[in-house]
>>> print(open('query29.cif').read())   # mmCIF, C-alpha atoms and all ligand atoms
data_work
#
loop_
_atom_site.label_atom_id
_atom_site.label_comp_id
_atom_site.auth_asym_id
_atom_site.auth_seq_id
_atom_site.Cartn_x
_atom_site.Cartn_y
_atom_site.Cartn_z
CA MET J 1 115.97 125.28 120.58
CA SER J 2 116.06 123.07 117.47
CA THR J 3 114.20 119.77 117.45
CA ASP J 4 117.46 117.83 117.39
CA ARG J 5 118.66 119.64 120.49
CA VAL J 6 115.38 119.00 122.30
CA VAL J 7 115.72 115.28 121.61
CA ARG J 8 119.38 115.21 122.68
CA THR J 9 118.63 117.12 125.89
CA PHE J 10 115.83 114.72 126.76
CA LEU J 11 117.85 111.58 126.09
CA ASP J 12 120.92 112.89 127.94
CA TYR J 13 118.84 113.87 130.97
CA PHE J 14 117.38 110.40 131.42
CA GLN J 15 120.50 108.50 130.39
CA GLN J 16 122.40 110.40 133.11
CA ARG J 17 119.78 109.08 135.50
CA GLY J 18 120.32 105.44 134.67
CA HIS J 19 117.90 104.97 131.76
CA ARG J 20 119.00 102.80 128.84
CA ARG J 21 117.93 103.83 125.39
CA ILE J 22 115.77 101.35 123.51
CA THR J 23 115.12 101.54 119.77
CA GLY J 24 111.84 103.14 118.97
CA SER J 25 111.80 103.43 115.26
CA THR J 26 109.19 101.76 113.12
CA LEU J 27 105.47 102.50 113.12
CA LEU J 28 104.80 98.80 112.65
CA PRO J 29 104.08 97.03 115.95
CA PRO J 30 105.79 93.73 116.78
CA PRO J 31 104.42 90.59 115.04
CA GLY J 32 101.34 89.16 116.70
CA ASP J 33 100.22 92.56 117.98
CA SER J 34 96.62 93.31 117.09
CA VAL J 35 96.92 97.04 116.37
CA LEU J 36 97.81 98.33 112.90
CA PHE J 37 100.26 100.97 114.00
CA THR J 38 102.22 101.87 117.11
CA THR J 39 100.05 104.43 118.89
CA ALA J 40 102.25 105.21 121.91
CA GLY J 41 105.83 104.70 123.03
CA MET J 42 104.69 102.13 125.57
CA HIS J 43 103.02 99.97 122.99
CA PRO J 44 105.96 97.69 122.17
CA LEU J 45 106.68 97.48 125.93
CA THR J 46 103.29 96.07 126.94
CA PRO J 47 104.61 92.67 128.12
CA HIS J 48 107.25 94.41 130.24
CA LEU J 49 104.69 96.72 131.82
CA GLU J 50 102.82 93.56 132.75
CA GLY J 51 105.87 92.14 134.52
CA LEU J 52 108.18 90.48 131.97
CA PRO J 53 111.76 91.59 132.76
CA HIS J 54 113.32 93.77 130.06
CA PRO J 55 116.81 92.77 128.90
CA LEU J 56 118.04 96.37 129.31
CA GLY J 57 116.83 96.74 132.87
CA ARG J 58 114.22 98.72 134.79
CA ARG J 59 114.84 102.25 133.50
CA LEU J 60 114.30 102.88 129.81
CA VAL J 61 114.10 105.87 127.50
CA ASN J 62 113.35 106.26 123.81
CA VAL J 63 111.96 108.29 120.93
CA GLN J 64 109.08 106.46 119.29
CA ARG J 65 107.20 107.44 116.21
CA CYS J 66 103.47 106.92 116.57
CA LEU J 67 100.38 107.06 114.36
CA ARG J 68 96.90 107.72 115.70
CA THR J 69 93.95 107.41 113.36
CA THR J 70 91.71 108.41 116.27
CA ASP J 71 93.03 111.95 115.93
CA LEU J 72 92.39 112.26 112.17
CA ASP J 73 89.43 114.58 112.56
CA GLU J 74 91.34 116.88 114.88
CA VAL J 75 94.17 117.46 112.45
CA GLY J 76 94.00 121.10 111.44
CA ASP J 77 94.04 122.49 114.97
CA ASP J 78 97.26 123.73 116.59
CA THR J 79 98.42 120.52 118.22
CA HIS J 80 97.12 117.30 116.64
CA LEU J 81 99.11 115.31 114.09
CA THR J 82 98.54 111.92 112.50
CA VAL J 83 102.17 110.83 112.80
CA PHE J 84 104.10 112.28 115.71
CA GLU J 85 107.09 111.47 117.83
CA MET J 86 106.85 110.61 121.48
CA LEU J 87 109.73 110.99 123.89
CA GLY J 88 109.21 108.21 126.42
CA THR J 89 110.59 107.07 129.76
CA TRP J 90 109.82 103.96 131.78
CA SER J 91 110.32 102.75 135.27
CA LEU J 92 109.59 99.03 135.16
CA GLY J 93 108.88 98.35 138.81
CA ASP J 94 111.62 100.78 139.83
CA TYR J 95 110.92 104.38 140.98
CA GLY J 96 107.42 105.73 141.57
CA SER J 97 105.29 108.67 140.46
CA SER J 98 106.85 111.29 142.71
CA ARG J 99 110.33 110.83 141.25
CA SER J 100 108.99 110.67 137.72
CA LEU J 101 107.03 113.91 138.10
CA ARG J 102 109.92 115.69 139.82
CA TRP J 103 112.28 114.77 137.00
CA GLY J 104 109.67 115.84 134.48
CA HIS J 105 109.31 119.21 136.19
CA ASP J 106 113.08 119.67 136.52
CA LEU J 107 113.73 118.87 132.86
CA LEU J 108 110.99 121.20 131.62
CA VAL J 109 112.09 124.08 133.83
CA ASN J 110 115.86 123.69 134.12
CA GLY J 111 116.62 121.67 130.98
CA PHE J 112 114.25 123.29 128.49
CA GLY J 113 113.80 126.65 130.18
CA VAL J 114 110.00 126.60 130.47
CA ASP J 115 108.78 129.28 132.88
CA PRO J 116 107.51 127.31 135.93
CA GLY J 117 104.68 129.84 136.29
CA LEU J 118 103.27 128.58 132.98
CA LEU J 119 102.80 124.99 134.15
CA HIS J 120 99.63 123.28 135.35
CA ALA J 121 99.10 119.63 136.19
CA THR J 122 96.13 117.31 136.41
CA VAL J 123 95.85 114.17 138.53
CA PHE J 124 93.42 111.31 138.96
CA GLY J 125 90.85 112.26 141.57
CA GLY J 126 89.57 108.73 142.24
CA ASP J 127 86.35 106.92 141.36
CA GLU J 128 84.22 104.16 142.81
CA ARG J 129 86.84 101.54 141.94
CA THR J 130 90.17 103.26 142.38
CA GLU J 131 91.73 105.49 145.01
CA PRO J 132 92.70 109.08 144.17
CA ASP J 133 96.35 109.52 143.18
CA THR J 134 97.42 111.33 146.34
CA GLU J 135 101.15 110.81 145.77
CA SER J 136 101.06 112.76 142.51
CA LEU J 137 98.77 115.41 144.01
CA ARG J 138 101.16 115.95 146.89
CA THR J 139 104.17 116.06 144.59
CA TRP J 140 102.67 118.86 142.51
CA GLN J 141 101.65 120.76 145.62
CA GLU J 142 105.19 120.48 146.96
CA LEU J 143 106.59 121.70 143.64
CA GLY J 144 104.20 124.66 143.72
CA VAL J 145 102.48 123.69 140.46
CA PRO J 146 98.70 124.24 140.35
CA VAL J 147 96.93 120.93 140.03
CA GLU J 148 93.43 119.93 138.98
CA PRO J 149 91.95 116.53 139.89
CA THR J 150 89.77 114.87 137.24
CA VAL J 151 88.38 111.38 136.69
CA GLU J 152 88.04 110.26 133.03
CA GLU J 153 90.78 112.55 131.70
CA ASN J 154 93.32 111.10 134.09
CA TRP J 155 92.90 107.41 133.47
CA TRP J 156 95.06 105.92 130.75
CA SER J 157 94.65 102.67 128.85
CA ASN J 158 95.77 101.57 125.44
CA GLY J 159 92.52 99.80 124.67
CA PRO J 160 89.72 97.90 126.37
CA THR J 161 92.12 95.35 127.89
CA GLY J 162 95.74 95.38 129.08
CA PRO J 163 97.83 97.56 131.38
CA CYS J 164 96.23 100.80 132.54
CA GLY J 165 96.19 103.20 135.43
CA PRO J 166 95.84 106.74 136.70
CA ASP J 167 97.92 109.39 135.01
CA SER J 168 99.13 112.89 135.67
CA GLU J 169 99.36 115.28 132.74
CA ILE J 170 101.56 118.37 132.51
CA PHE J 171 100.22 121.36 130.61
CA VAL J 172 101.93 124.53 129.43
CA TRP J 173 100.05 127.82 129.10
CA THR J 174 100.14 129.09 125.51
CA GLY J 175 97.82 132.10 125.78
CA ASP J 176 98.81 135.74 125.28
CA THR J 177 97.50 136.70 128.72
CA PRO J 178 98.86 135.50 132.07
CA PRO J 179 97.68 131.94 132.80
CA ARG J 180 94.11 131.59 133.91
CA SER J 181 91.54 128.89 134.58
CA THR J 182 92.49 125.18 134.42
CA PRO J 183 93.36 122.64 131.72
CA THR J 184 89.87 121.14 131.53
CA ARG J 185 88.28 124.58 131.14
CA ASP J 186 90.67 126.48 128.87
CA GLY J 187 92.18 125.02 125.66
CA ARG J 188 95.15 127.37 125.87
CA TRP J 189 96.59 124.94 128.37
CA VAL J 190 98.36 122.50 126.04
CA GLU J 191 99.17 119.03 127.30
CA VAL J 192 102.78 118.14 126.68
CA TRP J 193 103.69 115.28 128.99
CA ASN J 194 101.71 112.40 130.38
CA HIS J 195 102.96 110.28 133.29
CA VAL J 196 100.98 107.06 133.63
CA MET J 197 101.11 104.99 136.80
CA MET J 198 100.63 101.54 135.27
CA ARG J 199 99.22 99.82 138.30
CA HIS J 200 96.47 97.68 136.83
CA ARG J 201 95.55 95.31 134.08
CA ARG J 202 92.02 95.26 132.73
CA HIS J 203 90.68 91.85 131.72
CA GLU J 204 88.13 91.08 129.02
CA ASP J 205 85.34 90.84 131.59
CA GLY J 206 86.21 94.35 132.78
CA VAL J 207 87.85 93.22 136.02
CA LEU J 208 90.69 95.44 137.13
CA GLU J 209 93.60 93.47 138.53
CA THR J 210 96.38 95.17 140.49
CA LEU J 211 99.70 94.36 138.81
CA PRO J 212 102.36 92.80 141.05
CA GLN J 213 104.84 95.36 139.72
CA GLN J 214 104.01 99.07 139.68
CA SER J 215 105.47 100.80 136.65
CA ILE J 216 105.60 104.32 135.27
CA ASP J 217 105.15 105.08 131.57
CA THR J 218 105.63 108.63 130.39
CA GLY J 219 105.15 110.19 126.97
CA LEU J 220 106.17 113.70 125.96
CA GLY J 221 104.85 114.89 122.59
CA LEU J 222 107.90 116.10 120.69
CA GLU J 223 106.19 118.36 118.16
CA ARG J 224 104.07 120.08 120.83
CA LEU J 225 107.04 120.60 123.10
CA VAL J 226 109.07 122.03 120.21
CA ALA J 227 106.22 124.41 119.36
CA VAL J 228 106.17 125.64 122.97
CA LEU J 229 109.97 125.99 123.14
CA GLN J 230 110.17 127.73 119.76
CA GLY J 231 107.39 130.11 120.83
CA LYS J 232 105.12 129.00 117.97
CA ARG J 233 101.37 129.04 118.00
CA SER J 234 101.12 125.61 116.36
CA VAL J 235 103.17 122.52 115.60
CA PHE J 236 102.98 123.48 111.91
CA GLU J 237 105.13 126.54 112.48
CA THR J 238 108.08 124.63 113.94
CA ASP J 239 111.24 123.57 112.09
CA LEU J 240 109.71 120.11 111.71
CA PHE J 241 107.21 121.42 109.19
CA GLU J 242 109.26 124.20 107.67
CA PRO J 243 109.81 122.69 104.18
CA TRP J 244 106.18 121.54 104.01
CA MET J 245 104.70 124.86 105.09
CA ARG J 246 106.94 126.70 102.64
CA THR J 247 106.40 124.57 99.52
CA VAL J 248 102.76 123.49 99.82
CA PRO J 249 101.15 126.97 99.99
CA SER J 250 103.36 128.39 97.26
CA LEU J 251 102.33 125.55 94.97
CA TRP J 252 98.64 125.02 95.66
CA HIS J 253 97.42 128.01 97.72
CA PRO J 254 94.92 126.00 99.81
CA ASP J 255 91.97 128.27 100.55
CA ASP J 256 92.05 128.03 104.35
CA GLU J 257 94.55 127.28 107.08
CA SER J 258 93.01 124.01 108.19
CA SER J 259 93.16 122.61 104.60
CA LEU J 260 96.80 123.64 104.38
CA ARG J 261 97.53 121.92 107.68
CA LEU J 262 95.65 118.80 106.65
CA VAL J 263 97.59 118.56 103.38
CA CYS J 264 100.93 119.03 105.15
CA ASP J 265 100.13 116.64 108.01
CA HIS J 266 98.75 113.87 105.82
CA LEU J 267 101.52 114.08 103.22
CA ARG J 268 104.20 114.09 105.86
CA SER J 269 102.48 111.16 107.63
CA ALA J 270 102.15 109.28 104.33
CA VAL J 271 105.88 109.72 103.71
CA VAL J 272 106.69 108.19 107.11
CA VAL J 273 104.26 105.30 106.60
CA ILE J 274 105.69 104.59 103.14
CA GLY J 275 109.19 104.96 104.58
CA ASP J 276 108.31 102.14 106.99
CA GLY J 277 107.51 99.90 104.03
CA VAL J 278 103.71 100.21 103.70
CA VAL J 279 102.05 100.60 100.28
CA PRO J 280 98.46 101.72 99.64
CA SER J 281 95.93 98.90 99.57
CA SER J 282 92.30 98.22 100.35
CA THR J 283 92.86 96.72 103.79
CA GLY J 284 94.84 97.20 107.00
CA ARG J 285 97.81 99.56 107.13
CA GLY J 286 97.72 100.08 103.39
CA TYR J 287 94.16 101.31 103.71
CA VAL J 288 95.08 103.86 106.37
CA LEU J 289 97.78 105.13 103.99
CA ARG J 290 95.31 105.19 101.11
CA ARG J 291 92.87 107.25 103.17
CA LEU J 292 95.56 109.77 104.04
CA VAL J 293 96.55 110.24 100.41
CA ARG J 294 92.96 110.42 99.22
CA ARG J 295 92.05 113.01 101.82
CA VAL J 296 94.93 115.13 100.54
CA LEU J 297 93.82 114.73 96.93
CA THR J 298 90.16 115.39 97.74
CA THR J 299 91.21 118.61 99.46
CA LEU J 300 93.49 119.70 96.61
CA TRP J 301 91.09 118.78 93.81
CA ARG J 302 88.16 120.55 95.46
CA ASP J 303 89.61 123.82 94.16
CA ASP J 304 91.51 122.64 91.10
CA PRO J 305 91.34 119.08 89.72
CA SER J 306 94.52 119.57 87.68
CA ARG J 307 96.71 119.67 90.79
CA THR J 308 99.16 116.79 91.07
CA LEU J 309 101.51 115.58 93.75
CA GLY J 310 104.10 115.31 90.98
CA ASP J 311 104.58 119.09 91.28
CA LEU J 312 105.79 118.88 94.87
CA PRO J 313 109.60 119.12 95.04
CA GLU J 314 111.61 116.40 96.75
CA GLU J 315 112.81 118.65 99.57
CA PRO J 316 109.96 118.04 102.05
CA TYR J 317 110.05 114.30 101.36
CA ALA J 318 113.80 114.22 101.96
CA HIS J 319 113.49 116.36 105.12
CA THR J 320 110.91 114.01 106.64
CA LEU J 321 112.71 110.78 105.66
CA ASP J 322 115.83 112.22 107.22
CA ARG J 323 114.04 113.33 110.42
CA PHE J 324 112.66 109.81 110.90
CA GLY J 325 115.98 108.15 109.97
CA GLN J 326 114.39 106.28 107.08
CA SER J 327 116.52 104.92 104.29
CA GLY J 328 113.94 105.23 101.47
CA ARG J 329 114.67 107.63 98.61
CA PRO J 330 112.38 110.64 98.07
CA GLN J 331 111.94 109.54 94.46
CA GLY J 332 110.68 106.13 95.57
CA VAL J 333 108.14 107.70 97.95
CA ARG J 334 106.96 110.04 95.25
CA GLU J 335 106.40 107.10 92.86
CA VAL J 336 104.17 105.38 95.42
CA LEU J 337 102.16 108.58 95.90
CA LEU J 338 101.82 109.24 92.18
CA ASP J 339 100.68 105.71 91.56
CA GLU J 340 97.96 106.17 94.17
CA GLU J 341 97.05 109.53 92.66
CA ARG J 342 96.49 107.95 89.23
CA ARG J 343 94.39 105.19 90.74
CA PHE J 344 92.28 107.68 92.69
CA GLY J 345 91.93 109.91 89.61
CA ARG J 346 90.40 107.02 87.68
CA LEU J 347 88.06 106.26 90.58
CA VAL J 348 86.89 109.86 90.78
CA GLU J 349 86.17 109.90 87.03
CA ARG J 350 84.16 106.72 87.29
CA GLY J 351 82.38 108.08 90.35
CA ARG J 352 81.30 111.23 88.53
CA ARG J 353 79.97 109.20 85.61
CA VAL J 354 78.02 106.81 87.84
CA LEU J 355 76.63 109.55 90.07
CA SER J 356 75.34 111.53 87.10
CA ARG J 357 72.82 108.73 86.43
CA PRO J 358 69.21 109.74 87.16
CA ARG J 359 68.98 107.01 89.81
CA PHE J 360 71.32 109.01 92.03
CA ALA J 361 69.77 112.44 91.52
CA GLY J 362 67.84 112.47 94.81
CA PRO J 363 68.85 111.68 98.39
CA LEU J 364 70.87 108.46 98.73
CA GLY J 365 69.81 105.60 100.96
CA GLU J 366 71.91 102.88 102.58
CA ASP J 367 71.19 100.55 99.60
CA ASP J 368 72.64 103.14 97.24
CA PHE J 369 75.81 103.48 99.30
CA HIS J 370 76.21 99.68 99.38
CA TYR J 371 75.63 99.40 95.65
CA LEU J 372 78.09 102.21 94.88
CA HIS J 373 80.69 100.62 97.10
CA ASP J 374 80.25 96.97 96.15
CA THR J 375 79.66 97.39 92.43
CA HIS J 376 81.72 100.47 91.61
CA GLY J 377 84.30 100.56 94.40
CA LEU J 378 83.15 104.03 95.49
CA PRO J 379 83.54 104.56 99.25
CA ARG J 380 80.92 106.55 101.08
CA ASP J 381 83.15 109.53 101.84
CA LEU J 382 84.09 109.84 98.16
CA VAL J 383 80.43 109.64 97.11
CA LEU J 384 79.58 112.39 99.57
CA ALA J 385 82.50 114.53 98.38
CA LEU J 386 81.55 114.10 94.72
CA ARG J 387 77.90 114.93 95.36
CA ALA J 388 78.89 118.01 97.32
CA ASP J 389 80.93 119.10 94.32
CA PRO J 390 79.47 117.59 91.14
CA ARG J 391 81.31 119.89 88.64
N1 LIG M 401 101.10 105.96 127.27
C1 LIG M 401 100.93 107.35 127.59
C2 LIG M 401 100.43 108.15 126.43
O1 LIG M 401 100.39 107.66 125.32
C3 LIG M 401 102.22 107.91 128.11
O2 LIG M 401 103.27 107.48 127.33
O3 LIG M 401 100.07 109.29 126.61
#
>>> encode(input="query29.cif", output="structure tokens")
Amino acid sequence: MSTDRVVRTFLDYFQQRGHRRITGSTLLPPPGDSVLFTTAGMHPLTPHLEGLPHPLGRRLVNVQRCLRTTDLDEVGDDTHLTVFEMLGTWSLGDYGSSRSLRWGHDLLVNGFGVDPGLLHATVFGGDERTEPDTESLRTWQELGVPVEPTVEENWWSNGPTGPCGPDSEIFVWTGDTPPRSTPTRDGRWVEVWNHVMMRHRRHEDGVLETLPQQSIDTGLGLERLVAVLQGKRSVFETDLFEPWMRTVPSLWHPDDESSLRLVCDHLRSAVVVIGDGVVPSSTGRGYVLRRLVRRVLTTLWRDDPSRTLGDLPEEPYAHTLDRFGQSGRPQGVREVLLDEERRFGRLVERGRRVLSRPRFAGPLGEDDFHYLHDTHGLPRDLVLALRADPR
């Protein structure tokens, strides 16, 4: 099943069940929001999960692109990406967890053709403050899906304050053997869909208030689902990454799979961020973009400093801009990246010169890192990379 068909099937399923589609395009959160990037489909809906009526009603569906810097260090494994798409559904004070989970199960099994014997669920088992989620537990038992209760893993919040609640996650078995063990004990169970029962709001003093309206917020990771449905070991082997995974290795031959994945993920993410109008800078969103590009260049230059992003053809850029419905031209994105590459190249040269001074021959202390940063604009991670590879 192609990615486009997966998305269409998902949207049709929920639209046929009374959900209205809301736009879920840009990575930039609404004005006044404190986060840099949209990290989950529910993010722009926060006020409505806290009770504000939504103009389109109580059942919503969308496809939202998200960026999570918290996952940066996990990129390189089979499932984590910096920018990803989330298929989301919401019941704003309408139906409850049982209906949400039953629809989720039905769509996976009957809509997408996932073998029901390969599913496992987890539910919130309760803690000293909150009851166990017995409704979800019972629903899974009735559906014949094995279910594991946990505590921390099944509590969802988008930050220290705001709407939060117990969740129930659906996992698909991706191992070569018949399913065994449980999601918390075997990484071959891959989480694809999270159903959050948004029942509470956490205040700054930590107090958990029960919301007057009980809502459901679900998020299904598109790339992971596509990998499962296309029978691929990792998200990088799906059609979403095809032009990246074809052109990058033929051009630069990264020396190991996780470097290749990092380069493809970060470049693709950078394209989407630039496509949403961000340019590299030393603060905020621009700094996240800068870090992505510099991590790519650090990885590429580790083996061969003559490598340049200018050698990458436009095809992967165009593929990604198209996938995310962005109007930017591949040539424009490439210019932004090349500009950043030149800037970083000059910084690396200066860094090598400064670090070759006798003062920096031995171990570096905090004062050295501050001096290198404040006086020469050399961030700590670059200093460490240059010292690991002095050339
Ligand atoms: N908010 C939940 C998540 O991000 C479900 O959408 O996983």
>>> closest_residue(input="query29.cif", among="J:Glu169, J:Asp73, J:Glu148, J:Asp133", to="ligand LIG 401 (chain M)", atoms="all atoms listed in the file")
J:Glu169
>>> closest_atom_pairs(input="query29.cif", of="chain J", to="ligand LIG 401 (chain M)", cutoff="10 Å", atoms="only C-alpha atoms and all ligand atoms", output="JSON lines")
{"residue": "J:Thr39", "atom": "CA", "partner": "M:LIG401", "partner_atom": "O1", "distance": 7.2}
{"residue": "J:Ala40", "atom": "CA", "partner": "M:LIG401", "partner_atom": "O1", "distance": 4.6}
{"residue": "J:Gly41", "atom": "CA", "partner": "M:LIG401", "partner_atom": "O2", "distance": 5.7}
{"residue": "J:Met42", "atom": "CA", "partner": "M:LIG401", "partner_atom": "N1", "distance": 5.5}
{"residue": "J:His43", "atom": "CA", "partner": "M:LIG401", "partner_atom": "N1", "distance": 7.6}
{"residue": "J:Gln64", "atom": "CA", "partner": "M:LIG401", "partner_atom": "O2", "distance": 10.0}
{"residue": "J:Cys66", "atom": "CA", "partner": "M:LIG401", "partner_atom": "O1", "distance": 9.3}
{"residue": "J:Met86", "atom": "CA", "partner": "M:LIG401", "partner_atom": "O2", "distance": 7.5}
{"residue": "J:Leu87", "atom": "CA", "partner": "M:LIG401", "partner_atom": "O2", "distance": 8.1}
{"residue": "J:Gly88", "atom": "CA", "partner": "M:LIG401", "partner_atom": "O2", "distance": 6.1}
{"residue": "J:Thr89", "atom": "CA", "partner": "M:LIG401", "partner_atom": "O2", "distance": 7.7}
{"residue": "J:Trp90", "atom": "CA", "partner": "M:LIG401", "partner_atom": "O2", "distance": 8.7}
{"residue": "J:Trp155", "atom": "CA", "partner": "M:LIG401", "partner_atom": "C1", "distance": 10.0}
{"residue": "J:Trp156", "atom": "CA", "partner": "M:LIG401", "partner_atom": "C1", "distance": 6.8}
{"residue": "J:Ser157", "atom": "CA", "partner": "M:LIG401", "partner_atom": "N1", "distance": 7.4}
{"residue": "J:Asn158", "atom": "CA", "partner": "M:LIG401", "partner_atom": "N1", "distance": 7.1}
{"residue": "J:Pro163", "atom": "CA", "partner": "M:LIG401", "partner_atom": "N1", "distance": 9.9}
{"residue": "J:Cys164", "atom": "CA", "partner": "M:LIG401", "partner_atom": "N1", "distance": 8.8}
{"residue": "J:Gly165", "atom": "CA", "partner": "M:LIG401", "partner_atom": "N1", "distance": 9.9}
{"residue": "J:Asp167", "atom": "CA", "partner": "M:LIG401", "partner_atom": "C1", "distance": 8.3}
{"residue": "J:Ser168", "atom": "CA", "partner": "M:LIG401", "partner_atom": "C3", "distance": 9.6}
{"residue": "J:Glu169", "atom": "CA", "partner": "M:LIG401", "partner_atom": "O3", "distance": 8.6}
{"residue": "J:Glu191", "atom": "CA", "partner": "M:LIG401", "partner_atom": "O3", "distance": 9.8}
{"residue": "J:Val192", "atom": "CA", "partner": "M:LIG401", "partner_atom": "O3", "distance": 9.3}
{"residue": "J:Trp193", "atom": "CA", "partner": "M:LIG401", "partner_atom": "O3", "distance": 7.4}
{"residue": "J:Asn194", "atom": "CA", "partner": "M:LIG401", "partner_atom": "C3", "distance": 5.1}
{"residue": "J:His195", "atom": "CA", "partner": "M:LIG401", "partner_atom": "C3", "distance": 5.7}
{"residue": "J:Val196", "atom": "CA", "partner": "M:LIG401", "partner_atom": "C3", "distance": 5.7}
{"residue": "J:Met197", "atom": "CA", "partner": "M:LIG401", "partner_atom": "C3", "distance": 9.2}
{"residue": "J:Met198", "atom": "CA", "partner": "M:LIG401", "partner_atom": "N1", "distance": 9.2}
{"residue": "J:Ile216", "atom": "CA", "partner": "M:LIG401", "partner_atom": "C3", "distance": 8.7}
{"residue": "J:Asp217", "atom": "CA", "partner": "M:LIG401", "partner_atom": "O2", "distance": 5.2}
{"residue": "J:Thr218", "atom": "CA", "partner": "M:LIG401", "partner_atom": "O2", "distance": 4.0}
{"residue": "J:Gly219", "atom": "CA", "partner": "M:LIG401", "partner_atom": "O2", "distance": 3.3}
{"residue": "J:Leu220", "atom": "CA", "partner": "M:LIG401", "partner_atom": "O2", "distance": 7.0}
{"residue": "J:Gly221", "atom": "CA", "partner": "M:LIG401", "partner_atom": "O3", "distance": 8.4}
>>> write_last_selection(input="query29.cif", atoms="C-alpha atoms", output="PDB file, keeping the file's coordinate frame")
ATOM      1  CA  THR J  39     100.050 104.430 118.890  1.00  0.00           C
ATOM      2  CA  ALA J  40     102.250 105.210 121.910  1.00  0.00           C
ATOM      3  CA  GLY J  41     105.830 104.700 123.030  1.00  0.00           C
ATOM      4  CA  MET J  42     104.690 102.130 125.570  1.00  0.00           C
ATOM      5  CA  HIS J  43     103.020  99.970 122.990  1.00  0.00           C
ATOM      6  CA  GLN J  64     109.080 106.460 119.290  1.00  0.00           C
ATOM      7  CA  CYS J  66     103.470 106.920 116.570  1.00  0.00           C
ATOM      8  CA  MET J  86     106.850 110.610 121.480  1.00  0.00           C
ATOM      9  CA  LEU J  87     109.730 110.990 123.890  1.00  0.00           C
ATOM     10  CA  GLY J  88     109.210 108.210 126.420  1.00  0.00           C
ATOM     11  CA  THR J  89     110.590 107.070 129.760  1.00  0.00           C
ATOM     12  CA  TRP J  90     109.820 103.960 131.780  1.00  0.00           C
ATOM     13  CA  TRP J 155      92.900 107.410 133.470  1.00  0.00           C
ATOM     14  CA  TRP J 156      95.060 105.920 130.750  1.00  0.00           C
ATOM     15  CA  SER J 157      94.650 102.670 128.850  1.00  0.00           C
ATOM     16  CA  ASN J 158      95.770 101.570 125.440  1.00  0.00           C
ATOM     17  CA  PRO J 163      97.830  97.560 131.380  1.00  0.00           C
ATOM     18  CA  CYS J 164      96.230 100.800 132.540  1.00  0.00           C
ATOM     19  CA  GLY J 165      96.190 103.200 135.430  1.00  0.00           C
ATOM     20  CA  ASP J 167      97.920 109.390 135.010  1.00  0.00           C
ATOM     21  CA  SER J 168      99.130 112.890 135.670  1.00  0.00           C
ATOM     22  CA  GLU J 169      99.360 115.280 132.740  1.00  0.00           C
ATOM     23  CA  GLU J 191      99.170 119.030 127.300  1.00  0.00           C
ATOM     24  CA  VAL J 192     102.780 118.140 126.680  1.00  0.00           C
ATOM     25  CA  TRP J 193     103.690 115.280 128.990  1.00  0.00           C
ATOM     26  CA  ASN J 194     101.710 112.400 130.380  1.00  0.00           C
ATOM     27  CA  HIS J 195     102.960 110.280 133.290  1.00  0.00           C
ATOM     28  CA  VAL J 196     100.980 107.060 133.630  1.00  0.00           C
ATOM     29  CA  MET J 197     101.110 104.990 136.800  1.00  0.00           C
ATOM     30  CA  MET J 198     100.630 101.540 135.270  1.00  0.00           C
ATOM     31  CA  ILE J 216     105.600 104.320 135.270  1.00  0.00           C
ATOM     32  CA  ASP J 217     105.150 105.080 131.570  1.00  0.00           C
ATOM     33  CA  THR J 218     105.630 108.630 130.390  1.00  0.00           C
ATOM     34  CA  GLY J 219     105.150 110.190 126.970  1.00  0.00           C
ATOM     35  CA  LEU J 220     106.170 113.700 125.960  1.00  0.00           C
ATOM     36  CA  GLY J 221     104.850 114.890 122.590  1.00  0.00           C
TER      37      GLY J 221
END
>>> closest_residue(input="query29.cif", among="J:Leu378, J:Val114, J:Leu372, J:Val293", to="J:Arg342", atoms="only C-alpha atoms")
J:Val293
>>> axis_aligned_box(input="query29.cif", around="stretch 51-64 of chain J", padding_each_side="3 Å", output="lines of an AutoDock Vina configuration file")
center_x = 112.0
center_y = 99.4
center_z = 127.0
size_x = 18.2
size_y = 23.8
size_z = 21.5
>>> residues_near_point(input="query29.cif", point="(78.7, 108.9, 88.2)", cutoff="12 Å", atoms="all atoms listed in the file", output="list of chain:residue names")
J:Arg346, J:Leu347, J:Val348, J:Glu349, J:Arg350, J:Gly351, J:Arg352, J:Arg353, J:Val354, J:Leu355, J:Ser356, J:Arg357, J:Pro358, J:Arg359, J:Phe360, J:Ala361, J:Leu372, J:His376, J:Gly377, J:Leu378, J:Leu382, J:Val383, J:Leu384, J:Leu386, J:Arg387, J:Pro390, J:Arg391
>>> atom_distance(input="query29.cif", atom1="atom CA of J:Leu208", atom2="atom CA of J:Thr184")
26.3 Å
>>> closest_residue(input="query29.cif", among="J:Leu137, J:Leu262, J:Val151, J:Ile22", to="J:Glu74", atoms="only C-alpha atoms")
J:Leu262
